[in-house]
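See below for the structure under consideration.
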Amino acid sequence: MEEMNINEMKELIMNYVIKEYIDDDDVKITYETPLISSGYVDSFSMVSLLVFLENKFRIKIPPSKATPEAFDSVNNIVALVNQYLKQ
């Protein structure tokens, strides 16, 4: 996979979250919007998001790191992915 800058990664993840989990067109989320604690992403959705991230970025995120806090905003998700891209 070619190198992706941080803004491209944020956009990619944001677009995926909106497409997969935000049913209401009136809902506007930002990179800091709480996804899990606001109910946009539930535990089942978190698993599919994890699989998407692992496949897209060719990384393996250990279950101990795939916490609701780590998935609670696009910025948190990007930070998590970046930890494993550098390994």
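Lettering and numbering for the structure tokens are positional, with chains as A, B, ... in the shown order, residues counted from 1 in each chain, and ligands counted from 1 in the shown order.
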
In chain A, DSSP alpha helix (DSSP H) residues written as a PyMOL selection string: chain A and resi 6-21+43-57+74-85

Region 78-86 of chain A surroundings by only C-alpha atoms, 7 Å radius, close-in-sequence under 5 positions cut, as a list of chain:residue names: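 Contacts, in chain order: A:Met9, A:Lys10, A:Ile59, A:Ala70.
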
Selected residue, from A:Asn7, A:Ser37, A:Ser43, A:Ser48, that lies nearest to Asn75 (chain A) when counting only C-alpha atoms: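 Distance minimum relative to Asn75 (chain A) lands on A:Asn7.
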
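Candidate residues A:Ile36, A:Lys56, A:Asn76, A:Val47 were compared for distance to Leu12 (chain A), and the nearest is A:Lys56, using only C-alpha atoms.
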
Find the residues near Tyr16 (chain A): any atom within 10 Å, counting only C-alpha atoms, skip ones fewer than 5 places away on the same chain, and give them as a PDB file with N, CA and C atoms, in the first residue's frame.
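Generated output (out.pdb):
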ATOM      1  N   LYS A  10      -7.450  10.212   7.808  1.00  0.00           N
ATOM      2  CA  LYS A  10      -8.631  10.718   8.512  1.00  0.00           C
ATOM      3  C   LYS A  10      -9.846  10.727   7.593  1.00  0.00           C
ATOM      4  N   GLU A  11      -9.663  11.205   6.368  1.00  0.00           N
ATOM      5  CA  GLU A  11     -10.775  11.253   5.406  1.00  0.00           C
ATOM      6  C   GLU A  11     -11.290   9.854   5.081  1.00  0.00           C
ATOM      7  N   TYR A  21     -22.095   3.594   9.286  1.00  0.00           N
ATOM      8  CA  TYR A  21     -22.741   3.680  10.596  1.00  0.00           C
ATOM      9  C   TYR A  21     -23.661   4.877  10.810  1.00  0.00           C
ATOM     10  N   ILE A  22     -23.583   5.892   9.977  1.00  0.00           N
ATOM     11  CA  ILE A  22     -24.409   7.085  10.182  1.00  0.00           C
ATOM     12  C   ILE A  22     -25.576   7.037   9.200  1.00  0.00           C
ATOM     13  N   LEU A  49     -15.348  -2.418  11.977  1.00  0.00           N
ATOM     14  CA  LEU A  49     -14.415  -1.318  11.760  1.00  0.00           C
ATOM     15  C   LEU A  49     -12.981  -1.800  11.964  1.00  0.00           C
ATOM     16  N   PHE A  52     -11.992  -3.771   8.924  1.00  0.00           N
ATOM     17  CA  PHE A  52     -11.723  -2.833   7.830  1.00  0.00           C
ATOM     18  C   PHE A  52     -10.332  -2.224   7.974  1.00  0.00           C
ATOM     19  N   LEU A  53     -10.007  -1.733   9.168  1.00  0.00           N
ATOM     20  CA  LEU A  53      -8.707  -1.097   9.395  1.00  0.00           C
ATOM     21  C   LEU A  53      -7.556  -2.073   9.178  1.00  0.00           C
TER      22      LEU A  53
END

Nearest candidate to Glu32 (chain A) (options A:Val51, A:Met4, A:Met14, A:Met46; using only C-alpha atoms):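 Looking only at the distances to Glu32 (chain A), the closest residue turns out to be A:Met14.
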
Of the listed residues A:Ile13, A:Val41, A:Val27, A:Ile18, that which approaches Val74 (chain A) most closely, counting only C-alpha atoms: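 Going through A:Ile13, A:Val41, A:Val27, A:Ile18 one by one, the smallest distance to Val74 (chain A) is for A:Ile13.
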
Shell around Tyr40 (chain A) at 12 Å using only C-alpha atoms, local window under 6 positions removed, as a list in words: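 Within the cut-off, the hits are Val17, Ile18, Lys19, Glu20, Tyr21, Ile22, Asp23, Asp24, Val27, Lys28, Ile29, Thr33, Pro34, Met46, Phe71, Asp72 and Ser73 of chain A.
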
For the residues in that selection, give me N, CA and C atoms as a PDB file, in the first residue's frame.
ATOM      1  N   VAL A  17     -16.808   5.472   8.240  1.00  0.00           N
ATOM      2  CA  VAL A  17     -17.716   5.561   9.392  1.00  0.00           C
ATOM      3  C   VAL A  17     -19.069   6.135   8.961  1.00  0.00           C
ATOM      4  N   ILE A  18     -19.047   7.203   8.184  1.00  0.00           N
ATOM      5  CA  ILE A  18     -20.306   7.816   7.730  1.00  0.00           C
ATOM      6  C   ILE A  18     -21.097   6.837   6.876  1.00  0.00           C
ATOM      7  N   LYS A  19     -20.427   6.202   5.929  1.00  0.00           N
ATOM      8  CA  LYS A  19     -21.102   5.282   5.004  1.00  0.00           C
ATOM      9  C   LYS A  19     -21.698   4.073   5.737  1.00  0.00           C
ATOM     10  N   GLU A  20     -20.944   3.539   6.683  1.00  0.00           N
ATOM     11  CA  GLU A  20     -21.352   2.299   7.345  1.00  0.00           C
ATOM     12  C   GLU A  20     -22.267   2.493   8.553  1.00  0.00           C
ATOM     13  N   TYR A  21     -22.095   3.594   9.286  1.00  0.00           N
ATOM     14  CA  TYR A  21     -22.741   3.680  10.596  1.00  0.00           C
ATOM     15  C   TYR A  21     -23.661   4.877  10.810  1.00  0.00           C
ATOM     16  N   ILE A  22     -23.583   5.892   9.977  1.00  0.00           N
ATOM     17  CA  ILE A  22     -24.409   7.085  10.182  1.00  0.00           C
ATOM     18  C   ILE A  22     -25.576   7.037   9.200  1.00  0.00           C
ATOM     19  N   ASP A  23     -26.752   6.701   9.703  1.00  0.00           N
ATOM     20  CA  ASP A  23     -27.921   6.537   8.840  1.00  0.00           C
ATOM     21  C   ASP A  23     -28.626   7.853   8.536  1.00  0.00           C
ATOM     22  N   ASP A  24     -28.475   8.810   9.406  1.00  0.00           N
ATOM     23  CA  ASP A  24     -29.199  10.074   9.291  1.00  0.00           C
ATOM     24  C   ASP A  24     -28.341  11.102   8.556  1.00  0.00           C
ATOM     25  N   VAL A  27     -27.017  14.151  10.435  1.00  0.00           N
ATOM     26  CA  VAL A  27     -25.964  14.016  11.440  1.00  0.00           C
ATOM     27  C   VAL A  27     -24.633  14.400  10.811  1.00  0.00           C
ATOM     28  N   LYS A  28     -23.966  15.345  11.427  1.00  0.00           N
ATOM     29  CA  LYS A  28     -22.644  15.774  10.976  1.00  0.00           C
ATOM     30  C   LYS A  28     -21.635  15.388  12.044  1.00  0.00           C
ATOM     31  N   ILE A  29     -20.646  14.616  11.651  1.00  0.00           N
ATOM     32  CA  ILE A  29     -19.617  14.254  12.614  1.00  0.00           C
ATOM     33  C   ILE A  29     -18.297  14.903  12.212  1.00  0.00           C
ATOM     34  N   THR A  33     -15.820  13.791  17.070  1.00  0.00           N
ATOM     35  CA  THR A  33     -17.144  13.329  17.506  1.00  0.00           C
ATOM     36  C   THR A  33     -17.021  11.988  18.223  1.00  0.00           C
ATOM     37  N   PRO A  34     -17.584  11.880  19.426  1.00  0.00           N
ATOM     38  CA  PRO A  34     -17.576  10.579  20.114  1.00  0.00           C
ATOM     39  C   PRO A  34     -18.445   9.580  19.338  1.00  0.00           C
ATOM     40  N   MET A  46     -17.935  -1.974  15.910  1.00  0.00           N
ATOM     41  CA  MET A  46     -16.523  -1.786  16.232  1.00  0.00           C
ATOM     42  C   MET A  46     -15.694  -2.939  15.675  1.00  0.00           C
ATOM     43  N   PHE A  71     -11.502   3.603  19.829  1.00  0.00           N
ATOM     44  CA  PHE A  71     -12.381   3.719  18.666  1.00  0.00           C
ATOM     45  C   PHE A  71     -13.424   4.821  18.825  1.00  0.00           C
ATOM     46  N   ASP A  72     -13.273   5.679  19.825  1.00  0.00           N
ATOM     47  CA  ASP A  72     -14.341   6.627  20.127  1.00  0.00           C
ATOM     48  C   ASP A  72     -14.321   7.896  19.279  1.00  0.00           C
ATOM     49  N   SER A  73     -13.299   8.091  18.460  1.00  0.00           N
ATOM     50  CA  SER A  73     -13.316   9.217  17.516  1.00  0.00           C
ATOM     51  C   SER A  73     -12.403   8.878  16.351  1.00  0.00           C
TER      52      SER A  73
END

Residue nearest Ile61 (chain A) among A:Glu8, A:Phe44, A:Asp26, A:Ile77 (counting only C-alpha atoms):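 Counting only C-alpha atoms, the residue closest to Ile61 (chain A) is A:Ile77.
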
Atom-to-atom span, CA of Ala66 (chain A) and CA of Leu50 (chain A), Å: 7.6 Å
